[in-house]
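Student: The structure under discussion is supplied below as C-alpha cells; questions concerning it will follow.
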Amino acid sequence: MKKYLWLIIIVLAVVVGLVIWKVSSGSAKSELEIFSWWTGGGEEEGLKALFTKFNEKYPKVDIINAAVAGGAGTNAKAVLKTRMLGGNPPDSFQVHAGMELTDSHVKADAMEPLTQKLKDWGVYDKFPAGVLDICSYNGEVYSIPVNVHRGNVVFYNKEVASELGIVSAPASFEEFLGMLKLASEKGYAALAIGDMNKWEAAHLFENIMIAKFGPENYNKLFKNEVSFADPAMAESFNALGMLIDYFNTDHSALTWQDAVKMVQEKKAFATVMGDWAEGYLKTLGMNPNEGFGWFAVPGTENAFTLISDTFGLPKKAKNRENALKWLEFISSVEAQDIFNPIKGSIPARTDADKSKYDTYLQWSMNDFSALGICPSIAHGSAAPEAFSTKLQDIVNKFIAERNTENAVNEMIALAKETGYKAD
Amino acid sequence: MAVQKKKSLVGFAIVLPSIVLAAVFIYYFIFWTLKVSFSNWDSFSALMKGEYTFVGFSNYIKLFSDWRFQKDLWNTLFFTLFFILGCISLGILLASLIDKGLKGSKIFQNIYLFPMALSFVVTGTVWRWIFAPGTVRDPAGINLLMSKIGLGALQWGWFTSKDSLGNFNFALIPVIIAAVWQMSGYVMAMYLAGLRGISEDIIEAARVDGATSNRIFWKIKMPLLQPITLSAMIILGHVSLKIFDLIYSMTGSGINNVTDMPSIYMYELTFRSNRYASGSAVSIIMLIMVAVIIVPYLYSSFRKGHDI
C-alpha cells in the first residue's frame, strides 16, 4: 500500500510541475490565438499560408491555431459560445459576416468596434460599402471580411448542355424552366439538389426570394422596410414549387456534394449552389468553361448573394495588440491574395490581383465590385440563426406539401416573432 | 464496533468523490436545464447578459403547438413501439434457435451479437448507403439489387418516402430495420441466458405430462422469462426514446421531418438556433418520457428487494 502511495505522490508532483511550467512559459511569450473551423482541404492550407506570412512579419508572435472540426462550423460555433460565456474568448475568431456575429456577440456587448481601426489602416474604402454594411451594427463595423463566396450560381455540365442544344444562359426564370423541362424529357435529373441537411434547399430558396423581391427589396426585408407579407413571398414559394418537379427524386437522401457529383457524372444538367461547388468540381477533375459552365440564378443577374468569412475582436481578448496586428494583416491585399486562391474564394477587397484567380473567380470578382450585394439567410448573414433554422424547416415542409398559403403564413409568423415587418 | 464504524467511514470517504461528481454533473445540471427551460433565454445575447426572467410554462406551450415537435412525438412513439417489438420477437426467435444447440450455433451466436459492437454512427452510415434510393434511371443500394434480380417494381423511396398511414411515416421503416439489426443480438443474448437458466426438470416434467413443445414455450418458458422481457423492454425503451446518433447519421430530419426525433430537434434548437430555453424544454420532456419507463421499474425492484 505504501509503495502505491509514493507512486501517486510522484505522479501528482510531475503533473503539477508540468502545469506550472506550461503556465509560466505561456505568459512569458507573446501569443495569438486564432479560432476557426478551417480544418480541411484548401481552407486549412490557406490558413496555414496566412500564419506563415504573418510570422514572417512578426516572428516573435506564437500563433495558436484553435480550429474546431466538424459540422460545417456548428461545433466550432458552440465551442466559441461556451468560451465567450466563460469570459475566455480567443484573440480573434472566424464568423460569417452579419447577423451570426451581430445577433450573438455584438448585441451581448462582447465585441470591439473596428471602424476607426479600418480608417487608421487606410483600408476602410477598399471594401465594397455593401459588405461593410453587412458587417456593421448601429453604424460601427465589427468584423473584417477575409474571403467572399457567391451564393447565387447555377453550375451545369457543358456536355449535357450541348446535347440539349443549350448555348447561352437563360434570360429569364421561364426560359430556365424550359431548359429544365428539356433536360428531364431527355431523361436527366434536371436540377440536382441534395437537401439532406436542409440548408441546401433554403439556399436555393433565398436566391429565388432575391429574384422575386429584387435585390433592393430583399435587403430591405431585414431592415424592416419591406414586409414579409409582400406578394413576392407567395411568388417565391410558387417559383420554388415549379422547380421541385425537376429535382432528383432522391434529393432528401443526398448532400450538396452528391448533387454536384451528379452534374459531374452527367446524371444531372445543373445544380444551384454557392461557389464552393466550383472548388469541388475542380477537385473532381473538371475545368471551368471546359467541363462545366455557370450563370447567375435566373432573375438574380443583378445581385451578388454574399457568404463571407470575417474575423472580429472580442472585448476580453487576452492578446489584444497581437489580435490587432492579425486583423490589420488579414485586411491587406497581400494576405487576401494569399488565402483566397488556395481556398477557392475571392477577396473581399476590390483592388486584388485578378491574375491570381481562375476564369470563374474572375467572373465573380467583376460582379462583386459591380452588383448589389445581398446577405445570405441560409448562411447566417441576413438574419439571426434562429430565423435561418426555422426557414429551413418551412422550406423543407413546403417541398413535401407544396402548400404556398401555409408556407407564407408560417413565414409571416416567423417574421413577427423575430421582429421583422410582416403586415 | 469501533472497527466497524471506522470501516464504514473509510467506505464513505471512498465513494464521496463519485457522490459529489454525480450530484454536480448529473443532478445539478438536470436542475439547471429545468431552470433554463422556464427562462426567456431564447437567444445567445439574452444568455450572455445573464438576466433571468421566469416565463413559466410558455416554452412548453409553444413546443406542444409546434407542428415539428408534434411530429417528433408521433415518430418517437412509433419508432419505440416497432423497435421494441422487432428486437424482442427477433431476439426470442434467435435465442430459441441457438438454444436447440444445433451444430454451429456458437458461431451464429457471435455473428448475431456482433452488430452490438458497432456504434450507431457506423450503423447509420452503412444503412444510409443501403437504403439510399437513387433515381429511377439510376437506382442505388437496395433498389439497385431489386432491379438486378427482376424485382424492379418493388423499388421504393425508403427513407425519402413521404407516404404515411395516419401518423406513422413509412420512412421510419428503414430506420427501424437498422436499429433492430443492431440491437436484436443483444436481446438474443439476454434471452439465451434466461433460457439456459430454466431448469431441465420443469421442462421434463411438462413433457412427461404430455405438453407439446409449443405449449411448453408459451406456458412455461415465456412466463419464466418475463423478468428478462421486462429488462429488455426497459433497456430498448430508453435507447429508442433518446435515439440521436443513428437517425442523425442515417437520414437526418428527413423530408418534411418524416424521421425527425425530439433529440434532433433539441440539438437544432440549442446549437443551431441558439434557442436555449426551448432546447432545454425538449430535454426535460425527453427526461420525463424516459422516467415514465424507468421509475416504475426501479420502484418495483426496490420493493421486491432483489434486482433482475
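Ordering of the C-alpha cells sets the chain letters (A, B, ...), residue numbers begin anew at 1 in every chain, and ligands are numbered from 1 in the order given.
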Would you list which chain B residues are within 10 Å of chain A using only C-alpha atoms, as number ranges by chain?
Tutor: B: 42-50, 68, 128-129, 131-140, 157-162, 248, 250-258, 268-275
Student: Name all residues at most 10 Å from Glu278 in chain A (count only C-alpha atoms; drop same-chain ones fewer than 6 positions away) and give them as a list in words.
Tutor: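 Counting only the stated atoms, we get Val153, Phe155, Val260, Leu284, Met286, Asn287, Pro288, Phe292, Gly293, Trp294, Gly344, Ser345, Tyr360 and Leu361 of chain A.
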Student: Emit the selected residues as a short mmCIF file (atom, residue, chain, number, x, y, z; two decimals), in the first residue's frame, including N, CA and C atoms.
Tutor:
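Saved the output as part-v3.cif:
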data_model
loop_
_atom_site.label_atom_id
_atom_site.label_comp_id
_atom_site.auth_asym_id
_atom_site.auth_seq_id
_atom_site.Cartn_x
_atom_site.Cartn_y
_atom_site.Cartn_z
N VAL A 153 -25.37 30.98 -57.85
CA VAL A 153 -24.78 30.49 -59.09
C VAL A 153 -25.39 29.15 -59.47
N PHE A 155 -24.46 25.93 -61.60
CA PHE A 155 -23.38 25.23 -62.30
C PHE A 155 -24.00 24.14 -63.16
N VAL A 260 -23.59 17.93 -56.62
CA VAL A 260 -22.57 18.42 -57.56
C VAL A 260 -21.98 17.26 -58.35
N LEU A 284 -12.92 17.28 -58.56
CA LEU A 284 -13.43 16.10 -59.26
C LEU A 284 -12.83 15.99 -60.67
N MET A 286 -12.82 18.52 -63.20
CA MET A 286 -13.40 19.30 -64.29
C MET A 286 -12.79 20.69 -64.30
N ASN A 287 -12.76 21.31 -65.46
CA ASN A 287 -12.21 22.66 -65.55
C ASN A 287 -13.29 23.66 -65.88
N PRO A 288 -13.19 24.86 -65.29
CA PRO A 288 -14.18 25.89 -65.58
C PRO A 288 -14.19 26.21 -67.06
N PHE A 292 -17.47 22.27 -67.08
CA PHE A 292 -18.70 22.85 -66.53
C PHE A 292 -18.78 24.34 -66.85
N GLY A 293 -20.00 24.80 -66.95
CA GLY A 293 -20.25 26.23 -67.15
C GLY A 293 -21.10 26.74 -66.01
N TRP A 294 -21.41 28.04 -66.01
CA TRP A 294 -22.17 28.61 -64.91
C TRP A 294 -22.89 29.87 -65.36
N GLY A 344 -10.18 29.01 -52.87
CA GLY A 344 -11.12 28.98 -53.99
C GLY A 344 -12.26 29.96 -53.80
N SER A 345 -11.95 31.08 -53.17
CA SER A 345 -12.94 32.14 -52.99
C SER A 345 -12.31 33.43 -53.51
N TYR A 360 -13.53 31.39 -63.56
CA TYR A 360 -14.79 31.53 -62.83
C TYR A 360 -14.66 32.63 -61.78
N LEU A 361 -13.59 32.57 -60.99
CA LEU A 361 -13.44 33.53 -59.89
C LEU A 361 -13.29 34.95 -60.42
#
Student: Between B:Ile61, B:Ala95, B:Val295, B:Ala179, single out the one closest to Leu195 in chain B, counting only C-alpha atoms.
Tutor: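 Closest to Leu195 in chain B of all the choices is B:Ala95.
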Student: Between CA of Lys356 in chain A and CA of Leu32 in chain A, what is the distance, to one decimal in Å?
Tutor: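 Interatomic distance, CA of Lys356 in chain A to CA of Leu32 in chain A: 28.9 Å.
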Student: Find the distance between CA of Glu163 in chain A and CA of Gln362 in chain A and write it in Å to one decimal.
Tutor: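 Between CA of Glu163 in chain A and CA of Gln362 in chain A the gap is 27.3 Å.
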Student: Going by DSSP on the backbone, which bits of range 83-249 of chain B are alpha helix (DSSP H)? Write them as number ranges by chain, please.
Tutor: B: 83-99, 105-113, 120-131, 141-148, 172-197, 200-208, 213-216, 222-224, 226-241, 245-249
Student: For Ile202 in chain B, work out the shell of residues within 10 Å, counting only C-alpha atoms and skipping chain neighbours fewer than 5 positions away, then give it as a list of chain:residue names.
Tutor: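 Near Ile202 in chain B, the qualifying residues are B:Arg207, B:Val208, B:Ile216, B:Ile220, B:Lys221.
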Student: Print the selection's residues with N, CA and C atoms to a file, as a CSV table (one decimal), in the first residue's frame.
Tutor:
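selection-v6.csv was written with the following content:
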chain,number,residue,atom,x,y,z
B,207,ARG,N,-43.1,-32.4,-20.2
B,207,ARG,CA,-43.1,-33.3,-21.3
B,207,ARG,C,-43.7,-34.6,-20.9
B,208,VAL,N,-43.4,-35.1,-19.7
B,208,VAL,CA,-44.0,-36.3,-19.2
B,208,VAL,C,-45.5,-36.2,-19.1
B,216,ILE,N,-45.2,-25.8,-24.2
B,216,ILE,CA,-44.1,-25.6,-23.2
B,216,ILE,C,-43.5,-24.2,-23.4
B,220,ILE,N,-44.7,-22.2,-20.2
B,220,ILE,CA,-43.7,-22.4,-19.2
B,220,ILE,C,-42.5,-21.5,-19.4
B,221,LYS,N,-41.9,-21.5,-20.6
B,221,LYS,CA,-40.7,-20.7,-20.8
B,221,LYS,C,-41.0,-19.2,-20.8
Student: Can you work out which one of B:Thr123, B:Trp218, B:Thr80, B:Ala189 has the shortest atom-to-atom distance to Ser240 in chain B, counting only C-alpha atoms?
Tutor: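 Residue with the minimum atom-to-atom distance to Ser240 in chain B: B:Thr80.
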Student: Taking only C-alpha atoms into account, name the residue in B:Tyr191, B:Ser199, B:Trp156, B:Gly91 that is nearest to Ala171 in chain B.
Tutor: B:Trp156
Student: Going by DSSP on the backbone, which bits of range 107-212 of chain A are strand (DSSP E)? Write them as an NGL selection string, please.
Tutor: :A and (136-137 or 140-141 or 143-150 or 153-157 or 189-192)
Student: Range 140-146 of chain A: which residues within 6 Å, counting only C-alpha atoms, same-chain residues fewer than 6 positions away excluded, as a short mmCIF file (atom, residue, chain, number, x, y, z; two decimals) with N, CA and C atoms, in the first residue's frame?
Tutor:
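Saved to result27.cif:
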data_model
loop_
_atom_site.label_atom_id
_atom_site.label_comp_id
_atom_site.auth_asym_id
_atom_site.auth_seq_id
_atom_site.Cartn_x
_atom_site.Cartn_y
_atom_site.Cartn_z
N PRO A 113 -15.77 47.57 -31.60
CA PRO A 113 -15.95 48.12 -32.95
C PRO A 113 -14.60 48.35 -33.63
N LEU A 114 -14.59 48.21 -34.96
CA LEU A 114 -13.30 48.29 -35.67
C LEU A 114 -13.28 49.40 -36.71
N THR A 115 -14.35 50.22 -36.79
CA THR A 115 -14.44 51.23 -37.84
C THR A 115 -13.21 52.13 -37.85
N ASP A 309 -16.52 34.99 -44.83
CA ASP A 309 -15.91 34.71 -43.54
C ASP A 309 -15.18 35.96 -43.07
N THR A 310 -15.40 36.30 -41.81
CA THR A 310 -14.78 37.52 -41.29
C THR A 310 -14.12 37.20 -39.95
N PHE A 311 -13.29 38.13 -39.50
CA PHE A 311 -12.67 38.00 -38.19
C PHE A 311 -12.96 39.25 -37.36
N GLY A 312 -13.23 39.04 -36.08
CA GLY A 312 -13.55 40.17 -35.21
C GLY A 312 -12.63 40.19 -33.99
N ALA A 348 -12.28 40.00 -50.35
CA ALA A 348 -13.35 40.94 -50.05
C ALA A 348 -12.97 42.35 -50.50
#
Student: Skipping near chain neighbours, those fewer than 3 positions away, what residues fall within 12 Å of Trp363 in chain A using only C-alpha atoms, listed as a ChimeraX atom specification?
Tutor: /A:150,153,275,288-289,293-296,304,345-346,354-355,357-360,366-371
Student: In Å, how far is it from CA of Asn59 in chain B to CA of Ser280 in chain B?
Tutor: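 Straight-line distance from CA of Asn59 in chain B to CA of Ser280 in chain B works out to 9.2 Å.
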Student: Got a sec: who's within 12 Å of Ala383 in chain A, counting only C-alpha atoms, leaving out chain neighbours fewer than 2 positions off, as a VMD selection string?
Tutor: (chain A and resid 96 to 104 134 206 218 to 224 374 to 381 385 to 391 414 to 415 418 to 420) or (chain B and resid 273)
Student: Given the selection you just returned, output its residues as a file containing C-alpha atoms, formatted as a PDB file, in the first residue's frame.
Tutor:
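In the end it all went to selection-v3.pdb:
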ATOM      1  CA  HIS A  96     -19.852  34.638 -41.076  1.00  0.00           C
ATOM      2  CA  ALA A  97     -20.410  38.293 -41.864  1.00  0.00           C
ATOM      3  CA  GLY A  98     -23.541  39.802 -40.433  1.00  0.00           C
ATOM      4  CA  MET A  99     -26.144  38.521 -38.004  1.00  0.00           C
ATOM      5  CA  GLU A 100     -24.188  35.435 -36.992  1.00  0.00           C
ATOM      6  CA  LEU A 101     -21.816  37.843 -35.218  1.00  0.00           C
ATOM      7  CA  THR A 102     -24.203  40.701 -34.503  1.00  0.00           C
ATOM      8  CA  ASP A 103     -27.086  38.792 -33.009  1.00  0.00           C
ATOM      9  CA  SER A 104     -24.927  36.565 -30.823  1.00  0.00           C
ATOM     10  CA  ILE A 134     -23.467  43.742 -43.593  1.00  0.00           C
ATOM     11  CA  GLU A 206     -33.183  32.551 -50.719  1.00  0.00           C
ATOM     12  CA  TYR A 218     -34.748  41.715 -50.366  1.00  0.00           C
ATOM     13  CA  ASN A 219     -32.216  43.710 -48.364  1.00  0.00           C
ATOM     14  CA  LYS A 220     -34.992  45.951 -47.063  1.00  0.00           C
ATOM     15  CA  LEU A 221     -36.814  42.910 -45.652  1.00  0.00           C
ATOM     16  CA  PHE A 222     -34.123  42.751 -42.977  1.00  0.00           C
ATOM     17  CA  LYS A 223     -34.169  46.488 -42.353  1.00  0.00           C
ATOM     18  CA  ASN A 224     -37.892  46.440 -41.574  1.00  0.00           C
ATOM     19  CA  CYS A 374     -27.360  40.623 -50.746  1.00  0.00           C
ATOM     20  CA  PRO A 375     -26.603  38.815 -47.489  1.00  0.00           C
ATOM     21  CA  SER A 376     -27.455  35.107 -47.337  1.00  0.00           C
ATOM     22  CA  ILE A 377     -30.087  33.872 -44.874  1.00  0.00           C
ATOM     23  CA  ALA A 378     -29.094  30.214 -45.008  1.00  0.00           C
ATOM     24  CA  HIS A 379     -25.514  31.070 -44.077  1.00  0.00           C
ATOM     25  CA  GLY A 380     -26.337  33.329 -41.158  1.00  0.00           C
ATOM     26  CA  SER A 381     -25.615  36.763 -42.620  1.00  0.00           C
ATOM     27  CA  GLU A 385     -29.582  31.872 -36.645  1.00  0.00           C
ATOM     28  CA  ALA A 386     -32.987  31.062 -35.146  1.00  0.00           C
ATOM     29  CA  PHE A 387     -34.630  32.628 -38.219  1.00  0.00           C
ATOM     30  CA  SER A 388     -32.413  30.705 -40.589  1.00  0.00           C
ATOM     31  CA  THR A 389     -33.075  27.324 -38.927  1.00  0.00           C
ATOM     32  CA  LYS A 390     -36.825  27.926 -38.924  1.00  0.00           C
ATOM     33  CA  LEU A 391     -36.735  28.982 -42.575  1.00  0.00           C
ATOM     34  CA  LEU A 414     -41.642  33.759 -38.143  1.00  0.00           C
ATOM     35  CA  ALA A 415     -41.033  37.361 -39.214  1.00  0.00           C
ATOM     36  CA  THR A 418     -38.146  37.770 -34.964  1.00  0.00           C
ATOM     37  CA  GLY A 419     -39.323  41.396 -35.005  1.00  0.00           C
ATOM     38  CA  TYR A 420     -39.382  41.952 -38.766  1.00  0.00           C
TER      39      TYR A 420
ATOM     40  CA  SER B 273     -30.783  28.336 -33.386  1.00  0.00           C
TER      41      SER B 273
END
Student: Residues within 12 Å of Asn147 in chain A, please, as a count of residues only. Count only C-alpha atoms; anything in the same chain fewer than 4 positions from it doesn't count.
Tutor: 40
